[in-house]
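Trainee: Got a structure here, written out as structure tokens. Questions coming.
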Amino acid sequence: MKKITYLLLIAIFASCGSSNDNKQNNVENQIQTEVAEVEKNWEEFTIGAIGNTMAEMKYDVTNITVNEGSWVRIILVNEGVDLAMLHNIVFVNYGTRKEVASEAITAGRAAKYVPNNSNVIAASELANPGETITLEFEAPKKGNYEFICTYPGHSEIMRGYFFVK
Ligand SMILES: [Cu+2]
């Protein structure tokens with residue numbers, strides 16, 4: 001609602017006889033962009049990456065369901081304190097997590113452990129211990145997907161399911 005009021009103010013401002021057409025176009029483009037943002041149907045999830053050892057670490061959410069056509073916002077909170085606890089969150093086609101996790105190791109740190117593999121739907125940045133990162137993407141078509149942490153050695157226990165209905 002706040003954002004809509006803001007957009008109206010921009011619209012009023014824009015209609016107050018700008019002598020510069022370019023400026024007018026820029027304002028109109030900005031309005032269109034912001035309207036598109038407001039109209040997106042966001043589904044937001046906060047996921048904690050918890051634990052401080054290879055045995056304890058996990059996501060505190062392991063099952064996410066969204067509607068087709070929505071936009072997904074994942075807020076990944078790395079609650080670890082041990083410096084070895086680096087995590088990301090990577091969404092992949094169902095049944096491909098082992099393949100993607102294996103290629104992630106080859107891709108290495110320079111690629112943020114995200115391989116160039118068409119089964120990857122969306123991938124976050126790496127979160128350091130104590131860091132929170134956000135990943136936004138458009139939900140893929142209806143179906144079953146999985147999510148994993150592709151940091152080497154983590155994917156077998158740091159994983160969950162993602163359903164688009
Ligand atoms: Cu991890």
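Order determines the names: the first chain of the structure tokens is A, the second B, and so forth; residues in each chain are numbered 1 upward, and ligands are numbered 1 upward as they are shown.
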Which residues, written as a ChimeraX atom specification, have at least one atom at most 6 Å from region 134-137 of chain A, with only C-alpha atoms counted and residues fewer than 6 positions away on the same chain left out?
Mentor: /A:71-75,124
Trainee: Enumerate, in order of chain and increasing residue number, the residues of chain A with an atom no farther than 12 Å from ligand 1, each with its shortest atom pair and distance in Å to one decimal, counting only C-alpha atoms and all ligand atoms, as a Markdown table.
Mentor:
```
| residue | atom | partner | partner_atom_place_in_ligand_line | distance |
| --- | --- | --- | --- | --- |
| A:Gly48 | CA | ligand 1 | 1 (Cu) | 10.9 |
| A:Ala49 | CA | ligand 1 | 1 (Cu) | 7.4 |
| A:Ile50 | CA | ligand 1 | 1 (Cu) | 9.2 |
| A:Gly51 | CA | ligand 1 | 1 (Cu) | 9.9 |
| A:Asn52 | CA | ligand 1 | 1 (Cu) | 10.3 |
| A:Thr53 | CA | ligand 1 | 1 (Cu) | 10.3 |
| A:Met54 | CA | ligand 1 | 1 (Cu) | 8.7 |
| A:Ala55 | CA | ligand 1 | 1 (Cu) | 11.3 |
| A:Glu56 | CA | ligand 1 | 1 (Cu) | 10.9 |
| A:Met57 | CA | ligand 1 | 1 (Cu) | 7.3 |
| A:Lys58 | CA | ligand 1 | 1 (Cu) | 7.5 |
| A:Tyr59 | CA | ligand 1 | 1 (Cu) | 8.6 |
| A:Leu76 | CA | ligand 1 | 1 (Cu) | 11.0 |
| A:Val77 | CA | ligand 1 | 1 (Cu) | 11.4 |
| A:Asn78 | CA | ligand 1 | 1 (Cu) | 8.9 |
| A:Glu79 | CA | ligand 1 | 1 (Cu) | 11.0 |
| A:Gly80 | CA | ligand 1 | 1 (Cu) | 9.8 |
| A:Asp82 | CA | ligand 1 | 1 (Cu) | 11.8 |
| A:Leu83 | CA | ligand 1 | 1 (Cu) | 11.6 |
| A:Ala84 | CA | ligand 1 | 1 (Cu) | 9.2 |
| A:Met85 | CA | ligand 1 | 1 (Cu) | 6.4 |
| A:Leu86 | CA | ligand 1 | 1 (Cu) | 5.5 |
| A:His87 | CA | ligand 1 | 1 (Cu) | 3.6 |
| A:Asn88 | CA | ligand 1 | 1 (Cu) | 6.0 |
| A:Ile89 | CA | ligand 1 | 1 (Cu) | 7.9 |
| A:Val90 | CA | ligand 1 | 1 (Cu) | 10.3 |
| A:Ala101 | CA | ligand 1 | 1 (Cu) | 11.1 |
| A:Lys112 | CA | ligand 1 | 1 (Cu) | 11.9 |
| A:Tyr113 | CA | ligand 1 | 1 (Cu) | 10.6 |
| A:Ser124 | CA | ligand 1 | 1 (Cu) | 11.6 |
| A:Glu125 | CA | ligand 1 | 1 (Cu) | 11.5 |
| A:Leu126 | CA | ligand 1 | 1 (Cu) | 8.7 |
| A:Ala127 | CA | ligand 1 | 1 (Cu) | 8.8 |
| A:Asn128 | CA | ligand 1 | 1 (Cu) | 9.9 |
| A:Pro129 | CA | ligand 1 | 1 (Cu) | 10.3 |
| A:Phe147 | CA | ligand 1 | 1 (Cu) | 11.3 |
| A:Ile148 | CA | ligand 1 | 1 (Cu) | 8.0 |
| A:Cys149 | CA | ligand 1 | 1 (Cu) | 4.6 |
| A:Thr150 | CA | ligand 1 | 1 (Cu) | 6.5 |
| A:Tyr151 | CA | ligand 1 | 1 (Cu) | 5.2 |
| A:Pro152 | CA | ligand 1 | 1 (Cu) | 7.8 |
| A:Gly153 | CA | ligand 1 | 1 (Cu) | 7.9 |
| A:His154 | CA | ligand 1 | 1 (Cu) | 4.9 |
| A:Ser155 | CA | ligand 1 | 1 (Cu) | 7.0 |
| A:Glu156 | CA | ligand 1 | 1 (Cu) | 9.8 |
| A:Ile157 | CA | ligand 1 | 1 (Cu) | 8.8 |
| A:Met158 | CA | ligand 1 | 1 (Cu) | 6.2 |
| A:Arg159 | CA | ligand 1 | 1 (Cu) | 9.0 |
```
Trainee: Take the residues just selected and output them with C-alpha atoms as a PDB file, in the first residue's frame.
Mentor:
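That gives us result.pdb:
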```
ATOM      1  CA  GLY A  48      18.187 -21.071   8.687  1.00  0.00           C
ATOM      2  CA  ALA A  49      21.361 -23.018   8.025  1.00  0.00           C
ATOM      3  CA  ILE A  50      22.066 -24.368  11.479  1.00  0.00           C
ATOM      4  CA  GLY A  51      24.692 -26.486  13.199  1.00  0.00           C
ATOM      5  CA  ASN A  52      28.448 -26.116  13.549  1.00  0.00           C
ATOM      6  CA  THR A  53      29.754 -29.513  12.512  1.00  0.00           C
ATOM      7  CA  MET A  54      29.448 -31.638   9.395  1.00  0.00           C
ATOM      8  CA  ALA A  55      27.192 -33.995  11.383  1.00  0.00           C
ATOM      9  CA  GLU A  56      24.874 -31.334  12.817  1.00  0.00           C
ATOM     10  CA  MET A  57      24.539 -28.877   9.971  1.00  0.00           C
ATOM     11  CA  LYS A  58      21.193 -28.696   8.187  1.00  0.00           C
ATOM     12  CA  TYR A  59      18.520 -26.368   6.878  1.00  0.00           C
ATOM     13  CA  LEU A  76      19.071 -17.804   3.909  1.00  0.00           C
ATOM     14  CA  VAL A  77      20.346 -17.143   7.416  1.00  0.00           C
ATOM     15  CA  ASN A  78      23.674 -18.809   8.130  1.00  0.00           C
ATOM     16  CA  GLU A  79      23.416 -19.362  11.862  1.00  0.00           C
ATOM     17  CA  GLY A  80      26.745 -21.139  12.071  1.00  0.00           C
ATOM     18  CA  ASP A  82      32.393 -22.126  12.905  1.00  0.00           C
ATOM     19  CA  LEU A  83      34.445 -20.679  10.038  1.00  0.00           C
ATOM     20  CA  ALA A  84      34.109 -23.917   8.064  1.00  0.00           C
ATOM     21  CA  MET A  85      30.348 -23.494   7.892  1.00  0.00           C
ATOM     22  CA  LEU A  86      29.921 -21.802   4.538  1.00  0.00           C
ATOM     23  CA  HIS A  87      26.560 -22.433   2.917  1.00  0.00           C
ATOM     24  CA  ASN A  88      24.508 -21.613  -0.116  1.00  0.00           C
ATOM     25  CA  ILE A  89      21.168 -22.808  -1.437  1.00  0.00           C
ATOM     26  CA  VAL A  90      20.806 -24.200  -4.931  1.00  0.00           C
ATOM     27  CA  ALA A 101      26.777 -31.492  -6.128  1.00  0.00           C
ATOM     28  CA  LYS A 112      30.882 -20.211  -5.866  1.00  0.00           C
ATOM     29  CA  TYR A 113      30.372 -23.981  -6.126  1.00  0.00           C
ATOM     30  CA  SER A 124      22.449 -18.167  -4.126  1.00  0.00           C
ATOM     31  CA  GLU A 125      25.745 -16.613  -3.188  1.00  0.00           C
ATOM     32  CA  LEU A 126      27.803 -18.288  -0.470  1.00  0.00           C
ATOM     33  CA  ALA A 127      26.866 -17.131   3.026  1.00  0.00           C
ATOM     34  CA  ASN A 128      29.634 -16.824   5.599  1.00  0.00           C
ATOM     35  CA  PRO A 129      28.901 -17.770   9.217  1.00  0.00           C
ATOM     36  CA  PHE A 147      17.395 -27.784  -3.012  1.00  0.00           C
ATOM     37  CA  ILE A 148      20.882 -28.419  -1.696  1.00  0.00           C
ATOM     38  CA  CYS A 149      23.931 -26.709  -0.294  1.00  0.00           C
ATOM     39  CA  THR A 150      26.644 -27.258  -2.894  1.00  0.00           C
ATOM     40  CA  TYR A 151      29.541 -26.420  -0.592  1.00  0.00           C
ATOM     41  CA  PRO A 152      31.752 -29.547  -0.789  1.00  0.00           C
ATOM     42  CA  GLY A 153      30.542 -32.330   1.489  1.00  0.00           C
ATOM     43  CA  HIS A 154      27.302 -30.629   2.514  1.00  0.00           C
ATOM     44  CA  SER A 155      24.669 -31.720  -0.013  1.00  0.00           C
ATOM     45  CA  GLU A 156      23.919 -35.150   1.425  1.00  0.00           C
ATOM     46  CA  ILE A 157      22.517 -33.713   4.644  1.00  0.00           C
ATOM     47  CA  MET A 158      21.856 -30.099   3.725  1.00  0.00           C
ATOM     48  CA  ARG A 159      18.928 -30.568   1.406  1.00  0.00           C
TER      49      ARG A 159
END
```
Trainee: Rounded to one decimal in Å, what is the spacing between CA of Asn119 (chain A) and CA of Phe91 (chain A)?
Mentor: 8.5 Å
Trainee: What does the structure give for the distance between CA of Ala36 (chain A) and CA of Pro140 (chain A), in Å to one decimal?
Mentor: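 Between CA of Ala36 (chain A) and CA of Pro140 (chain A) the gap works out to 18.6 Å.
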Trainee: Enumerate, as a PyMOL selection string, the complete set of residues in region 98-143 of chain A that a backbone-based DSSP assignment places in helix (DSSP H, G or I).
Mentor: chain A and resi 98-107+109-111
Trainee: With distances taken over only C-alpha atoms, which of A:Phe45, A:Asn63, A:Tyr161, A:Ala139 is nearest to Gly95 (chain A)?
Mentor: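 Under the stated criterion, the closest residue is A:Tyr161.
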Trainee: Can you check which residues of region 25-122 of chain A DSSP gives as strand (DSSP E) on the backbone and send them as an mmCIF file with C-alpha atoms, in the first residue's frame?
Mentor:
```
data_model
loop_
_atom_site.group_PDB
_atom_site.id
_atom_site.type_symbol
_atom_site.label_atom_id
_atom_site.label_comp_id
_atom_site.auth_asym_id
_atom_site.auth_seq_id
_atom_site.Cartn_x
_atom_site.Cartn_y
_atom_site.Cartn_z
ATOM 1 C CA TRP A 42 6.101 -13.015 -4.039
ATOM 2 C CA GLU A 43 6.316 -16.085 -1.829
ATOM 3 C CA GLU A 44 8.936 -15.558 0.848
ATOM 4 C CA PHE A 45 10.703 -18.126 3.017
ATOM 5 C CA THR A 46 13.316 -17.677 5.699
ATOM 6 C CA ILE A 47 15.595 -20.692 5.971
ATOM 7 C CA GLY A 48 18.187 -21.071 8.687
ATOM 8 C CA ALA A 49 21.361 -23.018 8.025
ATOM 9 C CA ILE A 50 22.066 -24.368 11.479
ATOM 10 C CA LYS A 58 21.193 -28.696 8.187
ATOM 11 C CA TYR A 59 18.520 -26.368 6.878
ATOM 12 C CA ASN A 63 9.976 -28.557 2.428
ATOM 13 C CA ILE A 64 8.779 -25.578 0.387
ATOM 14 C CA THR A 65 5.705 -25.356 -1.810
ATOM 15 C CA VAL A 66 4.871 -22.416 -4.081
ATOM 16 C CA TRP A 71 8.259 -15.265 -7.525
ATOM 17 C CA VAL A 72 10.254 -16.901 -4.791
ATOM 18 C CA ARG A 73 12.322 -15.017 -2.245
ATOM 19 C CA ILE A 74 14.579 -17.158 -0.065
ATOM 20 C CA ILE A 75 16.233 -15.510 2.902
ATOM 21 C CA LEU A 76 19.071 -17.804 3.909
ATOM 22 C CA VAL A 77 20.346 -17.143 7.416
ATOM 23 C CA ASN A 78 23.674 -18.809 8.130
ATOM 24 C CA VAL A 90 20.806 -24.200 -4.931
ATOM 25 C CA PHE A 91 17.508 -25.293 -6.494
ATOM 26 C CA VAL A 92 17.754 -28.156 -8.964
ATOM 27 C CA ASN A 93 15.532 -30.474 -10.970
ATOM 28 C CA VAL A 120 20.245 -25.696 -11.796
ATOM 29 C CA ILE A 121 17.093 -23.577 -11.448
ATOM 30 C CA ALA A 122 18.473 -20.898 -9.128
#
```
Trainee: If we count only C-alpha atoms and set the cut-off at 7 Å, which residues sit around Val164 (chain A), ignoring sequence neighbours fewer than 2 positions away in its own chain? Please answer as an MDAnalysis selection string.
Mentor: chainID A and resid 65:68 141:144 162
Trainee: So which one's closest to Tyr94 (chain A), A:Ile31, A:Asn41, A:Glu146, A:Asn26? Using only C-alpha atoms, please.
Mentor: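 Once distances to Tyr94 (chain A) are computed over only C-alpha atoms, the minimum belongs to A:Glu146.
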Trainee: Counting only C-alpha atoms, which of A:Ser118, A:Gln24, A:Ser70, A:Gln32 gets nearest to Val100 (chain A)?
Mentor: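 For Val100 (chain A), the nearest of the given residues is A:Ser118.
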